[in-house]
Each structure stands twice: as C-alpha cells, then as structure tokens.
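Colleague: Sharing model.pdb, PDB, C-alpha atoms and all ligand atoms:
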```
ATOM      1  CA  MET M  89      10.042 -10.376   3.743  1.00  0.00           C
ATOM      2  CA  THR M  90      11.405 -10.748   7.191  1.00  0.00           C
ATOM      3  CA  ASN M  91      14.539  -8.637   7.370  1.00  0.00           C
ATOM      4  CA  ASN M  92      14.637  -4.970   8.232  1.00  0.00           C
ATOM      5  CA  ASN M  93      15.475  -3.615   4.823  1.00  0.00           C
ATOM      6  CA  ASN M  94      14.055  -0.348   3.689  1.00  0.00           C
ATOM      7  CA  TYR M  95      12.998   0.109   0.103  1.00  0.00           C
ATOM      8  CA  ILE M  96      13.374   2.895  -2.411  1.00  0.00           C
ATOM      9  CA  ILE M  97      11.509   1.983  -5.573  1.00  0.00           C
ATOM     10  CA  ALA M  98      11.677   3.950  -8.809  1.00  0.00           C
ATOM     11  CA  ASN M  99       8.519   3.737 -10.890  1.00  0.00           C
ATOM     12  CA  TRP M 100       9.504   5.166 -14.264  1.00  0.00           C
ATOM     13  CA  LYS M 101       5.954   4.744 -15.639  1.00  0.00           C
ATOM     14  CA  MET M 102       5.833   5.223 -19.459  1.00  0.00           C
ATOM     15  CA  TYR M 103       9.108   7.123 -19.526  1.00  0.00           C
ATOM     16  CA  GLY M 104      12.559   6.041 -20.641  1.00  0.00           C
ATOM     17  CA  CYS M 105      14.294   4.810 -23.765  1.00  0.00           C
ATOM     18  CA  ILE M 106      17.484   2.804 -24.155  1.00  0.00           C
ATOM     19  CA  ASN M 107      19.619   5.968 -24.086  1.00  0.00           C
ATOM     20  CA  HIS M 108      18.376   6.785 -20.561  1.00  0.00           C
ATOM     21  CA  LEU M 109      20.128   3.738 -19.212  1.00  0.00           C
ATOM     22  CA  LYS M 110      23.470   5.420 -18.727  1.00  0.00           C
ATOM     23  CA  SER M 111      21.926   7.789 -16.187  1.00  0.00           C
ATOM     24  CA  ILE M 112      21.669   5.001 -13.614  1.00  0.00           C
ATOM     25  CA  LYS M 113      25.402   4.307 -13.545  1.00  0.00           C
ATOM     26  CA  ARG M 114      25.770   7.002 -10.892  1.00  0.00           C
ATOM     27  CA  VAL M 115      23.087   5.332  -8.787  1.00  0.00           C
ATOM     28  CA  ILE M 116      24.916   2.012  -9.083  1.00  0.00           C
ATOM     29  CA  LYS M 117      28.091   3.664  -7.802  1.00  0.00           C
ATOM     30  CA  ILE M 118      26.296   5.115  -4.787  1.00  0.00           C
ATOM     31  CA  SER M 119      24.485   1.864  -4.037  1.00  0.00           C
ATOM     32  CA  LYS M 120      27.821   0.111  -3.530  1.00  0.00           C
ATOM     33  CA  LYS M 121      28.705   2.223  -0.506  1.00  0.00           C
ATOM     34  CA  THR M 122      28.464   0.275   2.721  1.00  0.00           C
ATOM     35  CA  ASN M 123      25.867   2.425   4.440  1.00  0.00           C
ATOM     36  CA  PHE M 124      23.381   1.539   1.701  1.00  0.00           C
ATOM     37  CA  ARG M 125      23.368  -2.132   2.540  1.00  0.00           C
ATOM     38  CA  LYS M 126      20.156  -1.954   4.527  1.00  0.00           C
ATOM     39  CA  THR M 127      18.309  -0.143   1.769  1.00  0.00           C
ATOM     40  CA  LYS M 128      17.066  -1.935  -1.315  1.00  0.00           C
ATOM     41  CA  ILE M 129      16.906   0.230  -4.403  1.00  0.00           C
ATOM     42  CA  ILE M 130      14.613  -1.209  -7.044  1.00  0.00           C
ATOM     43  CA  TYR M 131      14.144   0.184 -10.543  1.00  0.00           C
ATOM     44  CA  CYS M 132      10.851  -0.451 -12.313  1.00  0.00           C
ATOM     45  CA  PRO M 133      11.392   0.761 -15.888  1.00  0.00           C
ATOM     46  CA  PRO M 134       9.031   0.064 -18.813  1.00  0.00           C
ATOM     47  CA  PHE M 135       8.967  -3.552 -20.082  1.00  0.00           C
ATOM     48  CA  THR M 136      11.140  -2.557 -23.058  1.00  0.00           C
ATOM     49  CA  LEU M 137      14.071  -1.769 -20.747  1.00  0.00           C
ATOM     50  CA  LEU M 138      13.793  -4.612 -18.249  1.00  0.00           C
ATOM     51  CA  ASN M 139      16.449  -6.849 -19.757  1.00  0.00           C
ATOM     52  CA  SER M 140      18.903  -3.990 -20.365  1.00  0.00           C
ATOM     53  CA  PHE M 141      18.427  -2.860 -16.770  1.00  0.00           C
ATOM     54  CA  HIS M 142      18.983  -6.384 -15.573  1.00  0.00           C
ATOM     55  CA  LYS M 143      22.239  -6.694 -17.528  1.00  0.00           C
ATOM     56  CA  LEU M 144      23.482  -3.373 -16.223  1.00  0.00           C
ATOM     57  CA  THR M 145      22.551  -3.954 -12.589  1.00  0.00           C
ATOM     58  CA  ASN M 146      23.292  -7.657 -12.316  1.00  0.00           C
ATOM     59  CA  LYS M 147      25.999  -8.151  -9.668  1.00  0.00           C
ATOM     60  CA  THR M 148      25.305  -4.687  -8.238  1.00  0.00           C
ATOM     61  CA  PRO M 149      23.093  -3.967  -5.198  1.00  0.00           C
ATOM     62  CA  LEU M 150      20.352  -2.575  -7.473  1.00  0.00           C
ATOM     63  CA  ASN M 151      17.260  -4.660  -8.266  1.00  0.00           C
ATOM     64  CA  VAL M 152      14.848  -4.588 -11.177  1.00  0.00           C
ATOM     65  CA  GLY M 153      11.085  -4.959 -11.372  1.00  0.00           C
ATOM     66  CA  ALA M 154       8.235  -4.603 -13.853  1.00  0.00           C
ATOM     67  CA  GLN M 155       5.377  -2.116 -13.506  1.00  0.00           C
ATOM     68  CA  ASN M 156       2.561  -4.566 -14.191  1.00  0.00           C
ATOM     69  CA  CYS M 157       1.899  -8.046 -15.543  1.00  0.00           C
ATOM     70  CA  HIS M 158      -0.868 -10.091 -17.139  1.00  0.00           C
ATOM     71  CA  HIS M 159      -2.862 -12.386 -14.863  1.00  0.00           C
ATOM     72  CA  ASN M 160      -1.990 -15.413 -16.979  1.00  0.00           C
ATOM     73  CA  GLU M 161       1.214 -16.870 -15.581  1.00  0.00           C
ATOM     74  CA  PHE M 162       2.836 -18.190 -18.771  1.00  0.00           C
ATOM     75  CA  PHE M 163       1.782 -17.669 -22.404  1.00  0.00           C
ATOM     76  CA  GLY M 164      -1.512 -17.025 -24.162  1.00  0.00           C
ATOM     77  CA  SER M 165      -3.375 -15.138 -26.864  1.00  0.00           C
ATOM     78  CA  TYR M 166      -3.312 -11.780 -25.110  1.00  0.00           C
ATOM     79  CA  THR M 167      -2.067  -9.246 -27.622  1.00  0.00           C
ATOM     80  CA  GLY M 168       0.215  -6.650 -26.116  1.00  0.00           C
ATOM     81  CA  SER M 169       0.453  -8.311 -22.702  1.00  0.00           C
ATOM     82  CA  ILE M 170       3.432  -9.570 -20.701  1.00  0.00           C
ATOM     83  CA  SER M 171       3.182 -12.493 -18.272  1.00  0.00           C
ATOM     84  CA  PRO M 172       4.988 -12.996 -14.937  1.00  0.00           C
ATOM     85  CA  HIS M 173       6.963 -15.847 -16.516  1.00  0.00           C
ATOM     86  CA  MET M 174       8.190 -13.525 -19.289  1.00  0.00           C
ATOM     87  CA  ILE M 175       9.138 -10.869 -16.747  1.00  0.00           C
ATOM     88  CA  LYS M 176      11.081 -13.401 -14.742  1.00  0.00           C
ATOM     89  CA  SER M 177      12.833 -14.675 -17.880  1.00  0.00           C
ATOM     90  CA  VAL M 178      14.475 -11.298 -18.541  1.00  0.00           C
ATOM     91  CA  GLY M 179      15.922 -11.085 -15.042  1.00  0.00           C
ATOM     92  CA  ALA M 180      13.404  -8.945 -13.152  1.00  0.00           C
ATOM     93  CA  LYS M 181      12.663  -9.979  -9.577  1.00  0.00           C
ATOM     94  CA  TYR M 182       9.814  -7.652  -8.631  1.00  0.00           C
ATOM     95  CA  VAL M 183       6.502  -6.536 -10.101  1.00  0.00           C
ATOM     96  CA  ILE M 184       4.194  -3.661  -9.183  1.00  0.00           C
ATOM     97  CA  ILE M 185       0.547  -4.793  -9.088  1.00  0.00           C
ATOM     98  CA  GLY M 186      -2.613  -2.775  -8.447  1.00  0.00           C
ATOM     99  CA  HIS M 187      -1.234   0.660  -9.287  1.00  0.00           C
ATOM    100  CA  SER M 188      -4.045   3.209  -9.366  1.00  0.00           C
ATOM    101  CA  GLU M 189      -3.173   4.231 -12.920  1.00  0.00           C
ATOM    102  CA  ASN M 190      -4.134   0.687 -13.947  1.00  0.00           C
ATOM    103  CA  ARG M 191      -7.134   0.502 -11.619  1.00  0.00           C
ATOM    104  CA  LYS M 192      -8.337   3.726 -13.279  1.00  0.00           C
ATOM    105  CA  VAL M 193      -8.463   2.048 -16.690  1.00  0.00           C
ATOM    106  CA  GLY M 194     -10.460  -0.936 -15.497  1.00  0.00           C
ATOM    107  CA  GLU M 195      -8.233  -3.199 -13.426  1.00  0.00           C
ATOM    108  CA  THR M 196     -10.406  -4.761 -10.737  1.00  0.00           C
ATOM    109  CA  ASN M 197      -9.554  -6.298  -7.364  1.00  0.00           C
ATOM    110  CA  LEU M 198     -10.363  -9.671  -8.926  1.00  0.00           C
ATOM    111  CA  THR M 199      -7.834  -9.226 -11.747  1.00  0.00           C
ATOM    112  CA  ILE M 200      -5.301  -7.879  -9.270  1.00  0.00           C
ATOM    113  CA  ASN M 201      -5.795 -10.994  -7.159  1.00  0.00           C
ATOM    114  CA  LYS M 202      -5.132 -13.244 -10.182  1.00  0.00           C
ATOM    115  CA  LYS M 203      -2.037 -11.221 -11.089  1.00  0.00           C
ATOM    116  CA  ILE M 204      -0.643 -11.475  -7.564  1.00  0.00           C
ATOM    117  CA  TYR M 205      -1.284 -15.205  -7.538  1.00  0.00           C
ATOM    118  CA  SER M 206       0.504 -15.757 -10.878  1.00  0.00           C
ATOM    119  CA  ALA M 207       3.406 -13.455 -10.004  1.00  0.00           C
ATOM    120  CA  LEU M 208       3.998 -15.257  -6.702  1.00  0.00           C
ATOM    121  CA  ASN M 209       3.876 -18.614  -8.513  1.00  0.00           C
ATOM    122  CA  GLN M 210       6.696 -17.327 -10.682  1.00  0.00           C
ATOM    123  CA  LYS M 211       8.634 -16.381  -7.544  1.00  0.00           C
ATOM    124  CA  LEU M 212       8.424 -12.684  -8.293  1.00  0.00           C
ATOM    125  CA  LYS M 213       8.214 -10.335  -5.331  1.00  0.00           C
ATOM    126  CA  VAL M 214       5.020  -8.297  -5.497  1.00  0.00           C
ATOM    127  CA  ILE M 215       4.730  -4.587  -4.747  1.00  0.00           C
ATOM    128  CA  PHE M 216       0.982  -4.393  -4.074  1.00  0.00           C
ATOM    129  CA  CYS M 217      -0.487  -0.865  -4.332  1.00  0.00           C
ATOM    130  CA  VAL M 218      -3.561   0.248  -2.423  1.00  0.00           C
ATOM    131  CA  GLY M 219      -5.085   3.668  -1.874  1.00  0.00           C
ATOM    132  CA  GLU M 220      -8.269   5.720  -1.929  1.00  0.00           C
ATOM    133  CA  THR M 221      -9.332   8.362  -4.462  1.00  0.00           C
ATOM    134  CA  LEU M 222     -10.109  11.929  -3.439  1.00  0.00           C
ATOM    135  CA  ASN M 223     -13.806  11.267  -3.848  1.00  0.00           C
ATOM    136  CA  GLU M 224     -13.608   8.216  -1.576  1.00  0.00           C
ATOM    137  CA  LYS M 225     -11.597  10.181   0.987  1.00  0.00           C
ATOM    138  CA  ASN M 226     -14.112  13.054   0.952  1.00  0.00           C
ATOM    139  CA  LYS M 227     -16.961  10.602   1.434  1.00  0.00           C
ATOM    140  CA  LYS M 228     -15.043   9.098   4.383  1.00  0.00           C
ATOM    141  CA  LYS M 229     -14.818   5.766   2.636  1.00  0.00           C
ATOM    142  CA  THR M 230     -11.039   5.319   2.960  1.00  0.00           C
ATOM    143  CA  ASN M 231     -11.274   2.468   5.494  1.00  0.00           C
ATOM    144  CA  ILE M 232     -13.847   0.544   3.473  1.00  0.00           C
ATOM    145  CA  VAL M 233     -11.871   0.968   0.253  1.00  0.00           C
ATOM    146  CA  LEU M 234      -8.563  -0.133   1.780  1.00  0.00           C
ATOM    147  CA  LYS M 235     -10.201  -3.134   3.415  1.00  0.00           C
ATOM    148  CA  LYS M 236     -11.831  -4.209   0.152  1.00  0.00           C
ATOM    149  CA  GLN M 237      -8.627  -3.746  -1.859  1.00  0.00           C
ATOM    150  CA  ILE M 238      -6.629  -5.806   0.643  1.00  0.00           C
ATOM    151  CA  ASN M 239      -9.194  -8.543   1.224  1.00  0.00           C
ATOM    152  CA  GLU M 240     -10.147  -9.021  -2.427  1.00  0.00           C
ATOM    153  CA  GLY M 241      -6.632  -8.452  -3.797  1.00  0.00           C
ATOM    154  CA  LEU M 242      -5.178 -11.055  -1.448  1.00  0.00           C
ATOM    155  CA  LYS M 243      -8.020 -13.590  -1.580  1.00  0.00           C
ATOM    156  CA  ASN M 244      -6.661 -17.140  -1.270  1.00  0.00           C
ATOM    157  CA  ILE M 245      -3.106 -15.849  -0.922  1.00  0.00           C
ATOM    158  CA  LYS M 246      -1.645 -17.765   1.981  1.00  0.00           C
ATOM    159  CA  LYS M 247       1.639 -16.079   2.794  1.00  0.00           C
ATOM    160  CA  LEU M 248       2.943 -12.540   2.803  1.00  0.00           C
ATOM    161  CA  ASP M 249       6.607 -13.519   2.478  1.00  0.00           C
ATOM    162  CA  ASN M 250       7.009 -12.073  -1.000  1.00  0.00           C
ATOM    163  CA  ILE M 251       4.579  -9.183  -0.792  1.00  0.00           C
ATOM    164  CA  ILE M 252       5.457  -5.567  -0.059  1.00  0.00           C
ATOM    165  CA  PHE M 253       2.575  -3.109   0.315  1.00  0.00           C
ATOM    166  CA  ALA M 254       2.583   0.414  -1.087  1.00  0.00           C
ATOM    167  CA  TYR M 255       0.018   2.842   0.300  1.00  0.00           C
ATOM    168  CA  GLU M 256      -0.559   5.373  -2.451  1.00  0.00           C
ATOM    169  CA  PRO M 257      -3.493   7.727  -1.908  1.00  0.00           C
ATOM    170  CA  VAL M 258      -4.611   8.421  -5.480  1.00  0.00           C
ATOM    171  CA  TRP M 259      -5.071  12.139  -4.762  1.00  0.00           C
ATOM    172  CA  CYS M 260      -1.356  12.377  -3.928  1.00  0.00           C
ATOM    173  CA  ILE M 261       0.005  10.776  -7.082  1.00  0.00           C
ATOM    174  CA  GLY M 262       1.541  13.357  -9.380  1.00  0.00           C
ATOM    175  CA  THR M 263      -0.206  16.211  -7.587  1.00  0.00           C
ATOM    176  CA  GLY M 264       2.584  17.542  -5.367  1.00  0.00           C
ATOM    177  CA  ILE M 265       0.361  16.838  -2.342  1.00  0.00           C
ATOM    178  CA  VAL M 266       1.290  14.485   0.498  1.00  0.00           C
ATOM    179  CA  PRO M 267      -1.143  13.622   3.323  1.00  0.00           C
ATOM    180  CA  LYS M 268      -0.870  15.301   6.705  1.00  0.00           C
ATOM    181  CA  THR M 269       1.530  13.326   8.891  1.00  0.00           C
ATOM    182  CA  ASN M 270      -1.149  12.228  11.353  1.00  0.00           C
ATOM    183  CA  ASP M 271      -3.580  11.143   8.627  1.00  0.00           C
ATOM    184  CA  LEU M 272      -0.830   9.210   6.898  1.00  0.00           C
ATOM    185  CA  ARG M 273       0.247   7.493  10.118  1.00  0.00           C
ATOM    186  CA  ASN M 274      -3.360   6.592  10.946  1.00  0.00           C
ATOM    187  CA  ASN M 275      -3.946   5.053   7.532  1.00  0.00           C
ATOM    188  CA  LEU M 276      -0.687   3.115   7.681  1.00  0.00           C
ATOM    189  CA  ILE M 277      -1.628   1.785  11.110  1.00  0.00           C
ATOM    190  CA  LYS M 278      -5.055   0.764   9.778  1.00  0.00           C
ATOM    191  CA  ILE M 279      -3.524  -1.019   6.794  1.00  0.00           C
ATOM    192  CA  LYS M 280      -1.062  -2.799   9.054  1.00  0.00           C
ATOM    193  CA  LYS M 281      -3.893  -3.930  11.323  1.00  0.00           C
ATOM    194  CA  LEU M 282      -5.985  -5.196   8.399  1.00  0.00           C
ATOM    195  CA  ILE M 283      -3.083  -7.220   7.061  1.00  0.00           C
ATOM    196  CA  LYS M 284      -2.071  -8.567  10.458  1.00  0.00           C
ATOM    197  CA  ASN M 285      -5.635  -9.675  11.173  1.00  0.00           C
ATOM    198  CA  LYS M 286      -5.975 -11.365   7.813  1.00  0.00           C
ATOM    199  CA  PHE M 287      -2.633 -13.148   7.870  1.00  0.00           C
ATOM    200  CA  ARG M 288      -1.860 -13.392  11.576  1.00  0.00           C
ATOM    201  CA  SER M 289       1.548 -12.210  10.461  1.00  0.00           C
ATOM    202  CA  LYS M 290       4.299 -10.147  11.954  1.00  0.00           C
ATOM    203  CA  ASP M 291       4.674  -6.563  10.794  1.00  0.00           C
ATOM    204  CA  PRO M 292       4.072  -6.293   7.037  1.00  0.00           C
ATOM    205  CA  ILE M 293       6.312  -4.001   4.997  1.00  0.00           C
ATOM    206  CA  ILE M 294       4.383  -0.910   3.949  1.00  0.00           C
ATOM    207  CA  LEU M 295       5.823   1.785   1.699  1.00  0.00           C
ATOM    208  CA  TYR M 296       4.390   5.194   0.972  1.00  0.00           C
ATOM    209  CA  GLY M 297       3.959   6.582  -2.550  1.00  0.00           C
ATOM    210  CA  GLY M 298       2.571   9.829  -3.953  1.00  0.00           C
ATOM    211  CA  SER M 299       4.567  13.000  -4.746  1.00  0.00           C
ATOM    212  CA  VAL M 300       7.634  11.918  -2.792  1.00  0.00           C
ATOM    213  CA  ASN M 301      10.455  14.325  -3.627  1.00  0.00           C
ATOM    214  CA  SER M 302      13.813  15.498  -2.339  1.00  0.00           C
ATOM    215  CA  LYS M 303      12.116  18.228  -0.282  1.00  0.00           C
ATOM    216  CA  ASN M 304       9.473  16.213   1.594  1.00  0.00           C
ATOM    217  CA  ILE M 305      11.568  13.044   1.995  1.00  0.00           C
ATOM    218  CA  VAL M 306      13.175  14.184   5.262  1.00  0.00           C
ATOM    219  CA  LYS M 307       9.799  14.724   6.924  1.00  0.00           C
ATOM    220  CA  LEU M 308       8.343  11.499   5.494  1.00  0.00           C
ATOM    221  CA  ASN M 309      11.367   9.543   6.682  1.00  0.00           C
ATOM    222  CA  LYS M 310      10.528  10.423  10.265  1.00  0.00           C
ATOM    223  CA  ILE M 311       7.270   8.477  10.069  1.00  0.00           C
ATOM    224  CA  THR M 312       8.317   5.197  11.633  1.00  0.00           C
ATOM    225  CA  GLU M 313       5.436   3.204  10.117  1.00  0.00           C
ATOM    226  CA  ILE M 314       6.889   3.778   6.624  1.00  0.00           C
ATOM    227  CA  ARG M 315       9.453   1.232   5.466  1.00  0.00           C
ATOM    228  CA  GLY M 316      10.306   2.917   2.186  1.00  0.00           C
ATOM    229  CA  PHE M 317       8.959   4.764  -0.826  1.00  0.00           C
ATOM    230  CA  LEU M 318       7.483   4.167  -4.254  1.00  0.00           C
ATOM    231  CA  ILE M 319       8.604   7.148  -6.290  1.00  0.00           C
ATOM    232  CA  GLY M 320       7.268   8.202  -9.684  1.00  0.00           C
ATOM    233  CA  SER M 321       8.297  11.449 -11.309  1.00  0.00           C
ATOM    234  CA  ALA M 322      11.174  12.278  -8.934  1.00  0.00           C
ATOM    235  CA  SER M 323      12.789   8.932  -9.779  1.00  0.00           C
ATOM    236  CA  GLN M 324      12.973   9.749 -13.463  1.00  0.00           C
ATOM    237  CA  ASN M 325      15.514  12.495 -12.814  1.00  0.00           C
ATOM    238  CA  THR M 326      18.763  10.957 -11.595  1.00  0.00           C
ATOM    239  CA  ASN M 327      19.932  14.033  -9.652  1.00  0.00           C
ATOM    240  CA  LYS M 328      16.645  14.217  -7.761  1.00  0.00           C
ATOM    241  CA  PHE M 329      16.594  10.465  -7.193  1.00  0.00           C
ATOM    242  CA  ILE M 330      20.139  10.443  -5.815  1.00  0.00           C
ATOM    243  CA  ASP M 331      19.223  13.323  -3.528  1.00  0.00           C
ATOM    244  CA  ILE M 332      16.264  11.298  -2.201  1.00  0.00           C
ATOM    245  CA  ILE M 333      18.441   8.217  -1.708  1.00  0.00           C
ATOM    246  CA  LYS M 334      21.088  10.171   0.194  1.00  0.00           C
ATOM    247  CA  LYS M 335      18.524  11.825   2.438  1.00  0.00           C
ATOM    248  CA  SER M 336      16.882   8.460   3.154  1.00  0.00           C
ATOM    249  CA  ILE M 337      20.012   6.772   4.404  1.00  0.00           C
ATOM    250  CA  ILE M 338      20.441   7.828   7.959  1.00  0.00           C
TER     251      ILE M 338
HETATM  252  P1  LIG W   1       4.575  10.260  -8.144  1.00  0.00           P
HETATM  253  O1  LIG W   1       4.056   8.809  -8.534  1.00  0.00           O
HETATM  254  O2  LIG W   1       5.779  10.090  -7.248  1.00  0.00           O
HETATM  255  O3  LIG W   1       4.921  10.900  -9.449  1.00  0.00           O
HETATM  256  O4  LIG W   1       3.455  10.951  -7.438  1.00  0.00           O
HETATM  257  C1  LIG W   1       4.062   7.759  -7.601  1.00  0.00           C
HETATM  258  C2  LIG W   1       3.478   6.527  -8.215  1.00  0.00           C
HETATM  259  O5  LIG W   1       2.622   6.653  -9.118  1.00  0.00           O
HETATM  260  O6  LIG W   1       3.844   5.400  -7.849  1.00  0.00           O
END
```
Go ahead and render the structure in this file as structure tokens.
Ligand code: PGA
Modeller:
Amino acid sequence: MTNNNNYIIANWKMYGCINHLKSIKRVIKISKKTNFRKTKIIYCPPFTLLNSFHKLTNKTPLNVGAQNCHHNEFFGSYTGSISPHMIKSVGAKYVIIGHSENRKVGETNLTINKKIYSALNQKLKVIFCVGETLNEKNKKKTNIVLKKQINEGLKNIKKLDNIIFAYEPVWCIGTGIVPKTNDLRNNLIKIKKLIKNKFRSKDPIILYGGSVNSKNIVKLNKITEIRGFLIGSASQNTNKFIDIIKKSII
C-alpha cells in the first residue's frame, strides 16, 4: 500500500446478526463526505454477514473484510472453515490474520504464514496482527516476540504491497488499557525498523489496536507513527464508532 490513506477498521468479532446491518447506514452516509476520502473505513463482520455487508457497501466508500481464514487457499475437507477464495467470492477485499484471540487458541506463526500466503494469492489485502502478552512484556521479551511474529509470519513473503500491520498488545485488548505514549511509539518504531530491514521497503502501514475508544482516540491520533486503528468493542456500537471516525478526521 503506497498511498497515504489512514485506516479505521471495525473488528466485530463474534457479534452481529443480520438485523444489525441497518446500523451501518449512518456510517455509509458519513463516509461519503469529502473530508473522509483519505480515510479507509473497513468493516470486518462475522463470516455470516460478509456478503450482506458487501451488497450494502458496494459502490460506497466503505470496505469489507473477514476476521480470519483457513490456510488452504481454495476448498478442502476442513469442517467449519472458510478459505481465502470463499471470502473473496462473497465480495470481501480484506482479511485479518494473526489476531491474538486466534493465537491464544493455538494458531502458530507457521499457520499464520500459510494463511497470509494463501490470502495474498487470492488478492486479498491482509491485516496482519502482532503483539506481546502481558507476561512477555513483564519478562521484557516484547522485542523478541515481535521479531519472531514478523519474521516467521512473513517467511517467504516477497512484497508488502497488500499487507497492513496492526500492533495489538494483547494486554490492551478488551481491557480498557492503552500503552503509555512513549512505550507505544517505541514499539511502533521497532516494528517499522524490523519490517524495513526485512523487506528493504518504504514505510510500512502500521495500525494500533487495543481498547481504542472515543475518549482516547484524540490522544492516540497525535502519535504520528500510527496510520490508523483496529477497533473491537467500540466499533460494535454505531454511535461510538461514528464518534471515533469524526474525531479521527482532522
Ligand atoms: P478492543 O479489541 O478494541 O475491544 O480492545 C481490539 C481487537 O481485538 O482488535
């Protein structure tokens, strides 16, 4: 991704039924205003709503993505799984990979690497999540963990063009805690350095995620290393999400 867009990504997690769809009509209306052109708003609802979201947001500035995918690109005997090809076929353009809630239930860097590879093959844009747990942070292992997640997750991946990074410290997700500004900046700078060294690329796009809300967004927005936000619970409430969007557009 080479332009200077900023990103606001809604991760609905395992929330939302078909009747919640109408709530995003107000967000569509706002997204059409000219000053929002430089900000990409991406909704990542559960798989069950992907196609309905696509139909509703098609021809609007909003974009749609999935929250995960199987590592097999097409079809296979994997009960309950959804492949990148299937995600693409219902109109989604993005996919979140490596979220800590999936790492926690056994997703490894190796599987994440396979998922990224398959998703990119299907021309999906990947939102690649990295971040340390509280235990790792307390043991001062943050650098090692981030390096391992990036190096192993992106093994044999040649180009960053369709990858957006999301730094999500696990101890900040759903806890109401955000890192101290200096710590956050330092970690973002480290991540940027790791990626630039590995890919000899220009500046990668790095988002922040973890307890972003309409109160802390103003402060977080001042951190120039952050190119946008991955937002969980505050994105599930349309009033709160609109408030965040408005405060992010300067
Ligand atoms: P949160 O979740 O905003 O509810 O902390 C963020 C995420 O899990 O991506």
Colleague: Counting only C-alpha atoms and all ligand atoms, what are the residues of chain M within 6 Å of ligand LIG 1 (chain W), and for each of them which pair of atoms is the nearest and at what distance in Å, to one decimal? Sort the table by chain and rising number, as a Markdown table.
Modeller:
```
| residue | atom | partner | partner_atom | distance |
| --- | --- | --- | --- | --- |
| M:Asn99 | CA | W:LIG1 | O6 | 5.8 |
| M:Ile261 | CA | W:LIG1 | O4 | 3.5 |
| M:Gly262 | CA | W:LIG1 | O4 | 3.6 |
| M:Gly297 | CA | W:LIG1 | C1 | 5.2 |
| M:Gly298 | CA | W:LIG1 | O4 | 3.8 |
| M:Ser299 | CA | W:LIG1 | O4 | 3.6 |
| M:Val300 | CA | W:LIG1 | O2 | 5.2 |
| M:Leu318 | CA | W:LIG1 | O6 | 5.3 |
| M:Ile319 | CA | W:LIG1 | O2 | 4.2 |
| M:Gly320 | CA | W:LIG1 | O2 | 3.4 |
| M:Ser321 | CA | W:LIG1 | O3 | 3.9 |
```
Colleague: Those selected residues, please, written with C-alpha atoms and delivered as a PDB file, in the frame of the given file.
Modeller:
```pdb
ATOM      1  CA  ASN M  99       8.519   3.737 -10.890  1.00  0.00           C
ATOM      2  CA  ILE M 261       0.005  10.776  -7.082  1.00  0.00           C
ATOM      3  CA  GLY M 262       1.541  13.357  -9.380  1.00  0.00           C
ATOM      4  CA  GLY M 297       3.959   6.582  -2.550  1.00  0.00           C
ATOM      5  CA  GLY M 298       2.571   9.829  -3.953  1.00  0.00           C
ATOM      6  CA  SER M 299       4.567  13.000  -4.746  1.00  0.00           C
ATOM      7  CA  VAL M 300       7.634  11.918  -2.792  1.00  0.00           C
ATOM      8  CA  LEU M 318       7.483   4.167  -4.254  1.00  0.00           C
ATOM      9  CA  ILE M 319       8.604   7.148  -6.290  1.00  0.00           C
ATOM     10  CA  GLY M 320       7.268   8.202  -9.684  1.00  0.00           C
ATOM     11  CA  SER M 321       8.297  11.449 -11.309  1.00  0.00           C
TER      12      SER M 321
END
```
Colleague: Give me the residues near M:Ile330 as a VMD selection string, where near means some atom within 10 Å (using all atoms listed in the file) and where sequence neighbours in that chain fewer than 2 positions away do not count.
Modeller: chain M and resid 112 114 to 115 118 to 119 302 322 to 323 325 to 328 332 to 336
Colleague: State, in Å with one decimal place, the distance from atom CA of M:Lys176 to atom CA of M:Ile251.
Modeller: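 According to the coordinates, atom CA of M:Lys176 and atom CA of M:Ile251 are separated by 16.0 Å.
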Colleague: Got a sec to resolve the PyMOL selection byres (((chain M and resi 183) around 8) and not hetatm) on this structure and send the residues as a list in words?
Modeller: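 This file gives the following for the PyMOL selection byres (((chain M and resi 183) around 8) and not hetatm): Cys132, Gly153, Ala154, Gln155, Asn156, Cys157, Ala180, Lys181, Tyr182, Ile184, Ile185, Ala207, Leu212, Lys213, Val214 and Ile215 of chain M.
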Colleague: Here's the selection I'm unsure about, the PyMOL selection byres (((chain M and resi 105) around 9) and not hetatm); applied to the file above, which residues does it give, as an MDAnalysis selection string?
Modeller: chainID M and resid 103:104 106:109 134 136:137
Colleague: Need the shell around M:Leu272: protein/DNA/RNA residues with any atom at most 12 Å away, counting only C-alpha atoms. Skip same-chain ones fewer than 4 positions apart. Format as a ChimeraX atom specification?
Modeller: /M:219,230,255-257,260,266-268,276-279,294-298,307-308,310-314
Colleague: Since we have the selection now, will you write its residues out, keeping C-alpha atoms, as a PDB file, keeping the file's coordinate frame?
Modeller:
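For reference, result-v3.pdb as written:
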```pdb
ATOM      1  CA  GLY M 219      -5.085   3.668  -1.874  1.00  0.00           C
ATOM      2  CA  THR M 230     -11.039   5.319   2.960  1.00  0.00           C
ATOM      3  CA  TYR M 255       0.018   2.842   0.300  1.00  0.00           C
ATOM      4  CA  GLU M 256      -0.559   5.373  -2.451  1.00  0.00           C
ATOM      5  CA  PRO M 257      -3.493   7.727  -1.908  1.00  0.00           C
ATOM      6  CA  CYS M 260      -1.356  12.377  -3.928  1.00  0.00           C
ATOM      7  CA  VAL M 266       1.290  14.485   0.498  1.00  0.00           C
ATOM      8  CA  PRO M 267      -1.143  13.622   3.323  1.00  0.00           C
ATOM      9  CA  LYS M 268      -0.870  15.301   6.705  1.00  0.00           C
ATOM     10  CA  LEU M 276      -0.687   3.115   7.681  1.00  0.00           C
ATOM     11  CA  ILE M 277      -1.628   1.785  11.110  1.00  0.00           C
ATOM     12  CA  LYS M 278      -5.055   0.764   9.778  1.00  0.00           C
ATOM     13  CA  ILE M 279      -3.524  -1.019   6.794  1.00  0.00           C
ATOM     14  CA  ILE M 294       4.383  -0.910   3.949  1.00  0.00           C
ATOM     15  CA  LEU M 295       5.823   1.785   1.699  1.00  0.00           C
ATOM     16  CA  TYR M 296       4.390   5.194   0.972  1.00  0.00           C
ATOM     17  CA  GLY M 297       3.959   6.582  -2.550  1.00  0.00           C
ATOM     18  CA  GLY M 298       2.571   9.829  -3.953  1.00  0.00           C
ATOM     19  CA  LYS M 307       9.799  14.724   6.924  1.00  0.00           C
ATOM     20  CA  LEU M 308       8.343  11.499   5.494  1.00  0.00           C
ATOM     21  CA  LYS M 310      10.528  10.423  10.265  1.00  0.00           C
ATOM     22  CA  ILE M 311       7.270   8.477  10.069  1.00  0.00           C
ATOM     23  CA  THR M 312       8.317   5.197  11.633  1.00  0.00           C
ATOM     24  CA  GLU M 313       5.436   3.204  10.117  1.00  0.00           C
ATOM     25  CA  ILE M 314       6.889   3.778   6.624  1.00  0.00           C
TER      26      ILE M 314
END
```
Colleague: Between M:Leu138, M:Val218, M:Ile200, M:Val193, which has the minimum distance to M:Lys243 (counting all atoms listed in the file)?
Modeller: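 Of the candidates, the smallest distance to M:Lys243 is held by M:Ile200.
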Colleague: Ranking M:Ala98, M:Arg273, M:Lys247, M:Cys217 by minimum distance to M:Lys290 and counting only C-alpha atoms, which one comes first?
Modeller: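 Residue with the minimum atom-to-atom distance to M:Lys290: M:Lys247.
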Colleague: One decimal, Å: what's the distance from atom CA of M:Gly264 over to atom CA of M:Glu220, could you say?
Modeller: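 Taking atom CA of M:Gly264 and atom CA of M:Glu220, their separation equals 16.4 Å.
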